[in-house]
>>> print(open('coords_14.txt').read())   # compact mmCIF, C-alpha atoms
# COMPACT_ATOMS: atom_id res chain seq x y z
CA VAL D 1 0.00 0.00 0.00
CA LYS D 2 1.34 3.39 -0.99
CA GLN D 3 1.97 5.73 1.90
CA ASP D 4 0.10 8.98 1.68
CA THR D 5 2.99 11.13 2.88
CA SER D 6 3.04 14.80 2.06
CA GLU D 7 5.90 14.04 -0.31
CA ASN D 8 3.69 11.61 -2.24
CA ARG D 9 0.89 14.15 -2.29
CA GLU D 10 3.30 16.75 -3.67
CA LEU D 11 4.47 14.35 -6.41
CA GLY D 12 0.86 13.53 -7.27
CA ARG D 13 0.00 17.19 -7.48
CA ARG D 14 2.96 17.91 -9.74
CA GLU D 15 2.11 14.98 -11.99
CA ARG D 16 -1.52 16.09 -12.23
CA ARG D 17 -0.42 19.61 -13.13
CA ARG D 18 1.92 18.27 -15.82
CA GLN D 19 -0.94 16.19 -17.17
CA GLU D 20 -3.31 19.18 -17.16
CA THR D 21 -0.79 21.32 -19.03
CA VAL D 22 -0.10 18.72 -21.69
CA GLU D 23 -3.84 18.17 -22.20
CA LYS D 24 -4.41 21.91 -22.46
CA LEU D 25 -1.62 22.28 -25.03
CA PHE D 26 -2.98 19.29 -26.97
CA ALA D 27 -6.55 20.62 -27.01
CA SER D 28 -5.42 24.12 -28.04
CA ALA D 29 -3.24 22.69 -30.80
CA MET D 30 -6.10 20.57 -32.15
CA ARG D 31 -8.45 23.55 -32.17
CA LEU D 32 -5.91 25.66 -34.05
CA PHE D 33 -5.04 22.89 -36.51
CA SER D 34 -8.71 22.56 -37.40
CA THR D 35 -9.28 26.31 -37.84
CA LYS D 36 -5.95 27.57 -39.28
CA GLY D 37 -4.61 24.29 -40.59
CA TYR D 38 -1.60 22.36 -39.34
CA ALA D 39 1.03 24.13 -41.45
CA ALA D 40 -0.14 27.67 -40.60
CA THR D 41 -0.27 27.06 -36.85
CA LYS D 42 2.83 28.26 -34.97
CA VAL D 43 3.97 26.99 -31.60
CA GLU D 44 3.36 30.49 -30.20
CA ASP D 45 -0.26 30.30 -31.33
CA ILE D 46 -0.64 27.09 -29.36
CA THR D 47 1.00 28.35 -26.18
CA GLU D 48 -0.95 31.61 -26.35
CA ALA D 49 -4.24 29.75 -26.75
CA ALA D 50 -3.30 27.44 -23.87
CA ASP D 51 -2.23 30.46 -21.80
CA VAL D 52 1.29 29.20 -21.02
CA GLY D 53 4.75 30.53 -21.84
CA LYS D 54 6.24 29.55 -25.19
CA GLY D 55 9.08 27.61 -23.58
CA THR D 56 6.57 25.44 -21.75
CA PHE D 57 5.58 23.80 -25.01
CA PHE D 58 9.05 22.31 -25.45
CA ASN D 59 8.95 20.78 -21.98
CA TYR D 60 6.27 18.48 -23.33
CA PHE D 61 6.73 18.24 -27.09
CA PRO D 62 10.05 18.26 -28.99
CA SER D 63 8.22 19.77 -31.99
CA LYS D 64 4.79 20.67 -33.32
CA ARG D 65 4.58 17.33 -35.07
CA HIS D 66 4.86 15.57 -31.71
CA VAL D 67 1.44 16.93 -30.73
CA LEU D 68 -0.04 14.53 -33.25
CA GLY D 69 2.28 11.88 -31.95
CA TYR D 70 0.85 12.48 -28.48
CA PHE D 71 -2.53 11.40 -29.77
CA ALA D 72 -1.07 8.24 -31.32
CA GLY D 73 0.92 7.60 -28.14
CA LYS D 74 -2.21 7.71 -26.02
CA GLN D 75 -3.81 5.16 -28.31
CA LEU D 76 -0.72 2.95 -28.18
CA SER D 77 -0.79 2.80 -24.42
CA ARG D 78 -4.34 1.50 -24.60
CA VAL D 79 -3.29 -1.24 -26.98
CA GLU D 80 -0.42 -2.12 -24.63
CA HIS D 81 -2.88 -2.64 -21.82
CA TYR D 82 -4.87 -5.16 -23.87
CA VAL D 83 -1.74 -7.01 -24.92
CA GLY D 84 -1.08 -7.49 -21.22
CA VAL D 85 -4.58 -8.85 -20.64
CA SER D 86 -4.19 -11.15 -23.63
CA ARG D 87 -0.91 -12.53 -22.26
CA GLU D 88 -2.66 -13.52 -19.05
CA GLY D 89 -4.66 -15.86 -21.25
CA ASP D 90 -8.06 -15.72 -19.55
CA ALA D 91 -9.91 -13.48 -21.98
CA GLU D 92 -11.68 -14.58 -25.14
CA THR D 93 -9.82 -12.93 -28.03
CA LEU D 94 -12.80 -11.46 -29.88
CA GLU D 95 -14.19 -9.99 -26.68
CA LEU D 96 -10.80 -8.47 -26.00
CA LEU D 97 -10.66 -6.97 -29.50
CA GLU D 98 -14.18 -5.62 -29.08
CA ALA D 99 -13.23 -3.88 -25.85
CA LEU D 100 -10.03 -2.56 -27.44
CA ALA D 101 -11.93 -1.17 -30.44
CA ARG D 102 -14.32 0.67 -28.12
CA ASP D 103 -11.46 2.00 -26.09
CA LEU D 104 -9.59 3.25 -29.15
CA THR D 105 -12.56 5.24 -30.40
CA ARG D 106 -13.22 6.92 -27.05
CA LEU D 107 -10.68 9.73 -27.57
CA PRO D 108 -11.33 10.61 -31.23
CA ALA D 109 -15.09 10.31 -30.67
CA LYS D 110 -14.92 13.33 -28.37
CA SER D 111 -14.80 15.73 -31.28
CA PRO D 112 -15.42 15.22 -35.00
CA GLU D 113 -13.30 18.30 -35.75
CA MET D 114 -10.41 16.82 -33.86
CA ALA D 115 -10.77 13.47 -35.61
CA ARG D 116 -10.84 15.13 -39.03
CA THR D 117 -7.90 17.34 -38.14
CA VAL D 118 -5.67 14.55 -36.96
CA VAL D 119 -6.28 12.60 -40.16
CA ALA D 120 -6.06 15.60 -42.51
CA SER D 121 -2.83 16.81 -40.88
CA PHE D 122 -1.01 13.58 -41.23
CA LEU D 123 -2.33 12.96 -44.74
CA GLY D 124 -1.11 16.37 -45.84
CA ASP D 125 2.39 16.45 -44.37
CA ALA D 126 5.07 13.90 -45.29
CA ASP D 127 7.05 14.28 -42.04
CA VAL D 128 3.97 13.92 -39.86
CA ARG D 129 2.87 10.97 -41.93
CA GLU D 130 6.13 9.13 -41.46
CA TYR D 131 6.05 9.81 -37.75
CA VAL D 132 2.44 8.75 -37.21
CA LEU D 133 2.79 5.78 -39.54
CA ALA D 134 5.58 4.40 -37.37
CA GLN D 135 3.21 4.48 -34.41
CA ILE D 136 0.42 2.86 -36.40
CA LEU D 137 2.80 0.04 -37.28
CA ARG D 138 3.87 -0.38 -33.65
CA GLY D 139 0.20 -0.60 -32.71
CA ARG D 140 -0.35 -3.13 -35.45
CA GLU D 141 2.37 -5.40 -34.10
CA MET D 142 0.70 -5.39 -30.70
CA VAL D 143 -2.75 -6.11 -32.13
CA ALA D 144 -1.18 -8.87 -34.23
CA GLU D 145 0.17 -10.47 -31.06
CA ILE D 146 -3.35 -10.57 -29.61
CA ILE D 147 -4.73 -11.97 -32.84
CA ALA D 148 -2.01 -14.61 -33.19
CA ARG D 149 -2.91 -15.83 -29.70
CA GLY D 150 -6.53 -16.01 -30.80
CA GLN D 151 -5.53 -18.01 -33.86
CA GLU D 152 -3.63 -20.52 -31.69
CA ARG D 153 -6.72 -20.91 -29.55
CA GLY D 154 -8.98 -21.35 -32.58
CA GLU D 155 -10.91 -18.15 -31.84
CA VAL D 156 -9.73 -16.24 -34.90
CA ARG D 157 -9.54 -17.39 -38.52
CA ARG D 158 -6.22 -18.93 -39.48
CA ASP D 159 -6.31 -18.49 -43.24
CA MET D 160 -4.74 -15.05 -43.04
CA GLU D 161 -1.62 -13.72 -41.29
CA ALA D 162 -2.18 -12.12 -37.90
CA GLY D 163 -0.51 -8.93 -39.17
CA GLU D 164 -2.97 -8.67 -42.04
CA LEU D 165 -5.92 -9.16 -39.71
CA ALA D 166 -4.44 -6.53 -37.39
CA ARG D 167 -4.24 -4.08 -40.29
CA ILE D 168 -7.88 -4.76 -41.10
CA PHE D 169 -8.76 -4.21 -37.45
CA GLN D 170 -7.03 -0.81 -37.52
CA GLN D 171 -8.61 0.14 -40.83
CA SER D 172 -12.03 -0.66 -39.54
CA ILE D 173 -11.61 1.66 -36.56
CA PHE D 174 -10.11 4.49 -38.66
CA GLY D 175 -12.88 4.05 -41.20
CA THR D 176 -15.65 4.22 -38.62
CA ILE D 177 -14.28 7.32 -36.96
CA LEU D 178 -13.64 9.01 -40.28
CA MET D 179 -17.13 8.30 -41.60
CA TRP D 180 -18.69 9.45 -38.34
CA SER D 181 -16.60 12.63 -38.35
CA LEU D 182 -18.01 13.50 -41.79
CA SER D 183 -21.68 13.38 -41.01
CA GLN D 184 -22.50 12.52 -37.40
CA LYS D 185 -25.97 11.61 -38.62
CA ASP D 186 -25.89 8.66 -36.26
CA PRO D 187 -24.36 8.50 -32.79
CA VAL D 188 -20.81 7.20 -32.90
CA GLU D 189 -21.68 4.44 -30.42
CA ARG D 190 -24.23 2.87 -32.74
CA MET D 191 -22.00 3.19 -35.81
CA LEU D 192 -19.17 1.67 -33.87
CA ALA D 193 -21.20 -1.20 -32.42
CA ASN D 194 -22.33 -2.27 -35.88
CA SER D 195 -18.88 -1.89 -37.41
CA ILE D 196 -17.34 -3.97 -34.65
CA GLU D 197 -20.03 -6.62 -35.00
CA VAL D 198 -19.32 -7.03 -38.73
CA LEU D 199 -15.56 -6.87 -38.16
CA LEU D 200 -15.67 -9.59 -35.49
CA SER D 201 -17.74 -11.88 -37.70
CA GLY D 202 -15.13 -11.31 -40.37
CA LEU D 203 -12.21 -12.01 -38.03
CA ARG D 204 -13.85 -15.10 -36.65
CA GLY D 205 -14.25 -16.40 -40.18
CA HIS D 206 -16.58 -19.29 -40.62
CA ASP D 207 -16.56 -23.01 -40.73
CA GLY D 208 -17.32 -23.50 -44.39
CA GLN D 209 -20.93 -24.38 -43.64
CA GLY D 210 -22.26 -21.00 -44.73
CA ARG D 211 -25.76 -20.90 -46.10
CA SER D 212 -24.83 -19.03 -49.24
CA GLY D 213 -24.40 -21.15 -52.32
CA ARG D 214 -21.19 -19.47 -53.41
CA GLY D 215 -20.24 -22.76 -55.04
CA ALA D 216 -16.77 -22.55 -56.53
CA SER D 217 -16.06 -19.81 -54.08
CA ARG D 218 -12.94 -17.70 -54.35
CA SER D 219 -13.25 -17.08 -50.66
CA GLY D 220 -10.02 -17.92 -48.91
CA SER D 221 -11.70 -18.67 -45.63
CA GLU D 222 -13.87 -21.37 -47.13
CA ARG D 223 -11.04 -22.78 -49.16
CA LYS D 224 -8.35 -22.91 -46.58
CA GLN D 225 -10.07 -23.44 -43.28
CA ARG D 226 -11.31 -26.98 -43.81
CA VAL B 227 -25.94 -2.03 -84.93
CA LYS B 228 -24.60 1.51 -84.89
CA GLN B 229 -23.81 2.89 -88.31
CA ASP B 230 -20.25 4.03 -88.67
CA THR B 231 -21.06 7.15 -90.68
CA SER B 232 -18.61 10.00 -90.79
CA GLU B 233 -21.03 11.94 -88.57
CA ASN B 234 -20.79 9.24 -85.92
CA ARG B 235 -17.05 9.22 -86.22
CA GLU B 236 -17.01 13.00 -85.77
CA LEU B 237 -19.21 12.75 -82.66
CA GLY B 238 -17.00 10.00 -81.29
CA ARG B 239 -13.93 12.09 -81.87
CA ARG B 240 -15.46 15.11 -80.18
CA GLU B 241 -16.55 13.03 -77.19
CA ARG B 242 -13.11 11.48 -76.89
CA ARG B 243 -11.51 14.93 -76.98
CA ARG B 244 -13.90 16.19 -74.28
CA GLN B 245 -13.03 13.16 -72.18
CA GLU B 246 -9.30 13.70 -72.69
CA THR B 247 -9.59 17.34 -71.64
CA VAL B 248 -11.59 16.61 -68.52
CA GLU B 249 -9.14 13.87 -67.52
CA LYS B 250 -6.21 16.20 -68.11
CA LEU B 251 -7.81 18.92 -65.98
CA PHE B 252 -8.63 16.39 -63.28
CA ALA B 253 -5.07 14.97 -63.21
CA SER B 254 -3.50 18.45 -63.13
CA ALA B 255 -5.82 19.55 -60.36
CA MET B 256 -4.99 16.49 -58.27
CA ARG B 257 -1.27 17.04 -58.73
CA LEU B 258 -1.58 20.67 -57.65
CA PHE B 259 -3.85 19.89 -54.71
CA SER B 260 -1.27 17.44 -53.41
CA THR B 261 1.68 19.84 -53.81
CA LYS B 262 0.18 23.28 -53.06
CA GLY B 263 -2.88 22.16 -51.13
CA TYR B 264 -6.50 22.47 -52.19
CA ALA B 265 -7.10 25.98 -50.81
CA ALA B 266 -3.97 27.51 -52.35
CA THR B 267 -4.59 26.11 -55.83
CA LYS B 268 -6.27 28.54 -58.24
CA VAL B 269 -8.26 27.56 -61.30
CA GLU B 270 -5.61 29.32 -63.43
CA ASP B 271 -2.95 27.06 -61.94
CA ILE B 272 -4.96 24.05 -63.04
CA THR B 273 -5.62 25.26 -66.57
CA GLU B 274 -2.01 26.31 -66.98
CA ALA B 275 -0.75 22.92 -65.85
CA ALA B 276 -3.24 21.21 -68.16
CA ASP B 277 -2.22 23.57 -70.99
CA VAL B 278 -5.75 24.80 -71.80
CA GLY B 279 -7.37 28.24 -71.66
CA LYS B 280 -8.82 29.35 -68.34
CA GLY B 281 -12.37 29.45 -69.68
CA THR B 282 -12.12 25.80 -70.71
CA PHE B 283 -12.15 24.77 -67.05
CA PHE B 284 -15.67 26.12 -66.61
CA ASN B 285 -16.94 24.12 -69.59
CA TYR B 286 -16.35 21.05 -67.48
CA PHE B 287 -16.51 22.08 -63.83
CA PRO B 288 -18.80 24.75 -62.32
CA SER B 289 -16.17 25.34 -59.60
CA LYS B 290 -12.91 24.04 -58.21
CA ARG B 291 -14.80 21.96 -55.70
CA HIS B 292 -16.48 20.08 -58.53
CA VAL B 293 -13.13 18.54 -59.47
CA LEU B 294 -13.38 16.47 -56.32
CA GLY B 295 -17.00 15.82 -57.17
CA TYR B 296 -15.84 14.46 -60.53
CA PHE B 297 -13.93 11.77 -58.70
CA ALA B 298 -16.96 10.86 -56.59
CA GLY B 299 -19.16 10.96 -59.70
CA LYS B 300 -16.96 8.45 -61.48
CA GLN B 301 -17.24 6.15 -58.51
CA LEU B 302 -21.01 6.60 -58.38
CA SER B 303 -21.42 5.54 -61.98
CA ARG B 304 -19.60 2.30 -61.16
CA VAL B 305 -22.00 1.62 -58.30
CA GLU B 306 -24.92 2.34 -60.62
CA HIS B 307 -23.70 -0.33 -62.99
CA TYR B 308 -23.70 -2.94 -60.22
CA VAL B 309 -27.17 -1.93 -59.05
CA GLY B 310 -28.32 -2.72 -62.59
CA VAL B 311 -26.67 -6.14 -62.50
CA SER B 312 -28.21 -6.80 -59.09
CA ARG B 313 -31.68 -5.94 -60.37
CA GLU B 314 -31.33 -8.56 -63.07
CA GLY B 315 -31.19 -11.03 -60.21
CA ASP B 316 -28.72 -13.59 -61.58
CA ALA B 317 -25.65 -12.62 -59.60
CA GLU B 318 -24.76 -13.84 -56.12
CA THR B 319 -24.78 -10.76 -53.88
CA LEU B 320 -21.42 -11.23 -52.16
CA GLU B 321 -19.69 -11.87 -55.48
CA LEU B 322 -21.28 -8.71 -56.81
CA LEU B 323 -20.07 -6.72 -53.80
CA GLU B 324 -16.60 -8.19 -54.20
CA ALA B 325 -16.44 -7.09 -57.83
CA LEU B 326 -17.80 -3.67 -56.91
CA ALA B 327 -15.20 -3.22 -54.17
CA ARG B 328 -12.41 -4.06 -56.62
CA ASP B 329 -13.83 -1.69 -59.17
CA LEU B 330 -14.12 1.17 -56.67
CA THR B 331 -10.47 0.90 -55.67
CA ARG B 332 -9.18 0.88 -59.26
CA LEU B 333 -9.17 4.66 -59.66
CA PRO B 334 -7.77 5.73 -56.27
CA ALA B 335 -5.21 2.91 -56.40
CA LYS B 336 -3.56 4.61 -59.36
CA SER B 337 -1.81 7.11 -57.13
CA PRO B 338 -1.33 7.20 -53.36
CA GLU B 339 -0.80 10.99 -53.56
CA MET B 340 -4.12 11.40 -55.30
CA ALA B 341 -5.90 9.20 -52.79
CA ARG B 342 -4.44 11.14 -49.86
CA THR B 343 -5.23 14.44 -51.51
CA VAL B 344 -8.86 13.67 -52.20
CA VAL B 345 -9.40 12.64 -48.61
CA ALA B 346 -7.35 15.47 -47.06
CA SER B 347 -9.11 18.09 -49.21
CA PHE B 348 -12.57 17.08 -48.27
CA LEU B 349 -11.67 16.59 -44.61
CA GLY B 350 -10.23 20.08 -44.47
CA ASP B 351 -12.90 22.11 -46.24
CA ALA B 352 -16.50 22.30 -45.00
CA ASP B 353 -18.01 23.07 -48.43
CA VAL B 354 -16.17 20.27 -50.17
CA ARG B 355 -17.11 17.95 -47.35
CA GLU B 356 -20.80 18.69 -47.67
CA TYR B 357 -20.63 18.23 -51.41
CA VAL B 358 -18.69 14.96 -51.34
CA LEU B 359 -20.70 13.64 -48.40
CA ALA B 360 -23.90 13.98 -50.45
CA GLN B 361 -22.35 11.76 -53.09
CA ILE B 362 -21.17 9.25 -50.52
CA LEU B 363 -24.72 9.03 -49.21
CA ARG B 364 -26.13 8.56 -52.71
CA GLY B 365 -23.64 5.77 -53.25
CA ARG B 366 -24.65 4.26 -49.93
CA GLU B 367 -28.29 4.12 -50.94
CA MET B 368 -27.36 2.21 -54.07
CA VAL B 369 -25.14 -0.24 -52.21
CA ALA B 370 -27.94 -0.66 -49.66
CA GLU B 371 -30.29 -1.66 -52.47
CA ILE B 372 -27.88 -4.40 -53.53
CA ILE B 373 -27.47 -5.55 -49.93
CA ALA B 374 -31.23 -5.54 -49.22
CA ARG B 375 -31.69 -7.83 -52.21
CA GLY B 376 -29.01 -10.10 -50.78
CA GLN B 377 -30.80 -10.11 -47.43
CA GLU B 378 -34.07 -11.16 -49.09
CA ARG B 379 -32.22 -13.99 -50.79
CA GLY B 380 -30.55 -15.08 -47.56
CA GLU B 381 -27.07 -14.26 -48.85
CA VAL B 382 -26.41 -11.40 -46.45
CA ARG B 383 -26.96 -11.24 -42.68
CA ARG B 384 -30.37 -9.89 -41.68
CA ASP B 385 -29.67 -8.74 -38.15
CA MET B 386 -28.57 -5.29 -39.32
CA GLU B 387 -30.16 -2.72 -41.61
CA ALA B 388 -29.01 -2.75 -45.22
CA GLY B 389 -28.03 0.92 -44.93
CA GLU B 390 -25.75 0.18 -41.99
CA LEU B 391 -24.10 -2.69 -43.84
CA ALA B 392 -23.69 -0.40 -46.86
CA ARG B 393 -21.93 2.17 -44.65
CA ILE B 394 -19.60 -0.53 -43.37
CA PHE B 395 -18.92 -1.61 -46.96
CA GLN B 396 -17.95 1.98 -47.86
CA GLN B 397 -15.83 2.41 -44.74
CA SER B 398 -13.95 -0.75 -45.49
CA ILE B 399 -13.00 0.48 -48.97
CA PHE B 400 -12.04 3.98 -47.74
CA GLY B 401 -10.05 2.44 -44.92
CA THR B 402 -8.11 0.10 -47.19
CA ILE B 403 -7.23 2.83 -49.69
CA LEU B 404 -6.28 5.23 -46.94
CA MET B 405 -4.05 2.73 -45.16
CA TRP B 406 -2.41 1.74 -48.43
CA SER B 407 -1.86 5.39 -49.38
CA LEU B 408 0.08 5.90 -46.14
CA SER B 409 2.66 3.21 -46.51
CA GLN B 410 2.36 1.17 -49.74
CA LYS B 411 4.44 -1.46 -47.99
CA ASP B 412 2.22 -4.07 -49.59
CA PRO B 413 0.65 -4.00 -53.05
CA VAL B 414 -2.84 -2.56 -52.96
CA GLU B 415 -4.24 -5.69 -54.61
CA ARG B 416 -3.16 -7.94 -51.77
CA MET B 417 -4.32 -5.51 -49.09
CA LEU B 418 -7.63 -5.17 -50.85
CA ALA B 419 -8.15 -8.90 -51.39
CA ASN B 420 -7.69 -9.60 -47.68
CA SER B 421 -9.85 -6.66 -46.62
CA ILE B 422 -12.64 -7.79 -48.92
CA GLU B 423 -12.36 -11.36 -47.70
CA VAL B 424 -12.81 -10.29 -44.07
CA LEU B 425 -15.56 -7.83 -45.01
CA LEU B 426 -17.51 -10.46 -46.92
CA SER B 427 -17.29 -12.94 -44.05
CA GLY B 428 -18.60 -10.16 -41.85
CA LEU B 429 -21.46 -9.28 -44.20
CA ARG B 430 -22.42 -12.91 -44.64
CA GLY B 431 -22.64 -13.27 -40.89
CA HIS B 432 -22.74 -16.77 -39.60
CA ASP B 433 -25.17 -19.43 -38.64
CA GLY B 434 -24.56 -19.54 -34.93
CA GLN B 435 -22.50 -22.71 -35.22
CA GLY B 436 -19.19 -20.94 -34.88
CA ARG B 437 -16.35 -22.89 -33.31
CA SER B 438 -15.48 -20.25 -30.78
CA GLY B 439 -16.86 -20.81 -27.31
CA ARG B 440 -18.04 -17.25 -26.87
CA GLY B 441 -20.72 -18.62 -24.58
CA ALA B 442 -22.97 -15.83 -23.40
CA SER B 443 -22.00 -13.89 -26.46
CA ARG B 444 -22.90 -10.27 -26.89
CA SER B 445 -22.65 -10.77 -30.62
CA GLY B 446 -25.81 -9.54 -32.29
CA SER B 447 -25.41 -11.88 -35.22
CA GLU B 448 -25.48 -14.96 -33.03
CA ARG B 449 -28.25 -13.66 -30.88
CA LYS B 450 -30.59 -12.46 -33.56
CA GLN B 451 -30.03 -14.78 -36.47
CA ARG B 452 -31.38 -17.94 -34.92
>>> encode(input="coords_14.txt", output="structure tokens")
Amino acid sequence: VKQDTSENRELGRRERRRQETVEKLFASAMRLFSTKGYAATKVEDITEAADVGKGTFFNYFPSKRHVLGYFAGKQLSRVEHYVGVSREGDAETLELLEALARDLTRLPAKSPEMARTVVASFLGDADVREYVLAQILRGREMVAEIIARGQERGEVRRDMEAGELARIFQQSIFGTILMWSLSQKDPVERMLANSIEVLLSGLRGHDGQGRSGRGASRSGSERKQR
Amino acid sequence: VKQDTSENRELGRRERRRQETVEKLFASAMRLFSTKGYAATKVEDITEAADVGKGTFFNYFPSKRHVLGYFAGKQLSRVEHYVGVSREGDAETLELLEALARDLTRLPAKSPEMARTVVASFLGDADVREYVLAQILRGREMVAEIIARGQERGEVRRDMEAGELARIFQQSIFGTILMWSLSQKDPVERMLANSIEVLLSGLRGHDGQGRSGRGASRSGSERKQR
């Protein structure tokens, strides 16, 4: 049990303040990126909007680009958590992936502007793209580990590499958030629930006893899973 | 049989020339959007790059925004074709959707820059977004018609609305193209084939006899399809 000394309280307070500042800088940056655009936003604009000194920014982010990396980093730490749960071996893989998918949409689902901005910024800038892509690929490796475990346990289709299925998992989440951020006609929760449901059916694959008379099917899952 | 009179030949020539010009304008616009950005590109820049007079642009596009609409329009006409085939009633629905998905990726898969640009432009500009979104929704209605027919025939899962499944179909294609446009580590054909395979398994749903012991599953498809 952690002792609640005044020293601990002081550390906790400092950590909370750090966290508040970084969140404030992140939120201000996202707002500016979506109004002025990523390229036109200066670090001073961000610090001014967040009401902190300019130098403060560089205590948290080595460069403007790292603000987008912060977003990706937050997502990565969620994936890490689920890899840990998967390693313990008690959880059903598809249920784990379902919970992970919901968790990963929580942050971008807070604001459609933010979701659009993050994607538009890294599509439009080669440096940002390279940086964010590296984090996407790190995330994919972790998801692939979860999926590979599911394949060993017979919970996930085996006719496709775990890395490929992990890419499709990521795509499905990006796609849902992107589509939602465009229209918001439906609540993100409903859109997400349906997307996940279809994704999980697809990841599970099927046992070749499907009702559809696809006959000489080109479907890999039917061909290879028997 | 169409008569090959000189008048027909003349019409054909004129139509081909129109088509060449519009394609040239479209390609130049896309190149400029990806280098200068959508907002900073002027119509004169486009016509200069395409080596045509400025007025020529407006013979083909009412405004700059309509260049992006041209892309969406091309895609829509592909979907229309498949709706026609579906109405004839001979084709298996999932095979039809597979062919449609391949067809829809053909154009964006020509250039990762173009794919990124189209998406970044309409994410970043509210007017363009509204315009392109309308076309996405028209496309969705058509895909939903194909899917509803598949549901009637028992080829597509019935536990979700056709419109929702159509959205998920669109998302899956956007997601694949977007992910490919970021890294191009793998050929788009392979990425697409695997994405489609997982998507189709997901759309087909399953018969509740899955191998996985999900037990008290929260999966709608298992719960509702019995």
>>> closest_residue(input="coords_14.txt", among="D:Asn8, D:Glu155, D:Ala27, D:Met142", to="Arg87 of chain D", atoms="all atoms listed in the file")
D:Met142
>>> interface_residues(input="coords_14.txt", of="chain D", to="chain B", cutoff="7 Å", atoms="all atoms listed in the file", output="list of chain:residue names")
D:Arg116, D:Ala120, D:Leu123, D:Gly124, D:Gly154, D:Glu155, D:Ile168, D:Gln171, D:Ser172, D:Phe174, D:Gly175, D:Thr176, D:Met179, D:Ser195, D:Glu197, D:Val198, D:Leu199, D:Ser201, D:Gly202, D:Leu203, D:Gly205, D:His206, D:Asp207, D:Gly210, D:Ser212, D:Ser219
>>> atom_distance(input="coords_14.txt", atom1="atom CA of Lys300 of chain B", atom2="atom CA of Ala317 of chain B")
22.9 Å
>>> atom_distance(input="coords_14.txt", atom1="atom CA of Lys336 of chain B", atom2="atom CA of Gly163 of chain D")
24.5 Å
>>> residues_around(input="coords_14.txt", residues="segment 279-295 of chain B", least_positions_apart="6", cutoff="6 Å", atoms="only C-alpha atoms", output="MDAnalysis selection string")
chainID B and resid 270 273 354
>>> closest_residue(input="coords_14.txt", among="B:Gln410, B:Thr247, B:Gln361, B:Gln301", to="Leu333 of chain B", atoms="all atoms listed in the file")
B:Gln301
>>> atom_distance(input="coords_14.txt", atom1="atom CA of Glu324 of chain B", atom2="atom CA of Pro413 of chain B")
17.8 Å
>>> residues_near_point(input="coords_14.txt", point="(-20.7, 5.3, -53.6)", cutoff="6 Å", atoms="all atoms listed in the file", output="number ranges by chain")
B: 302, 362, 365-366
>>> write_last_selection(input="coords_14.txt", atoms="C-alpha atoms", output="CSV table (one decimal), in the coordinates of the input")
chain,number,residue,atom,x,y,z
B,302,LEU,CA,-21.0,6.6,-58.4
B,362,ILE,CA,-21.2,9.2,-50.5
B,365,GLY,CA,-23.6,5.8,-53.2
B,366,ARG,CA,-24.6,4.3,-49.9
>>> axis_aligned_box(input="coords_14.txt", around="segment 143-150 of chain D", padding_each_side="6 Å", output="JSON")
{"center_x": -3.2, "center_y": -11.1, "center_z": -31.9, "size_x": 18.7, "size_y": 21.9, "size_z": 16.6}
>>> residues_around(input="coords_14.txt", residues="Lys36 of chain D", least_positions_apart="4", cutoff="12 Å", atoms="all atoms listed in the file", output="MDAnalysis selection string")
(chainID D and resid 28:32 40:42 45:46 117 121) or (chainID B and resid 265 350:351)
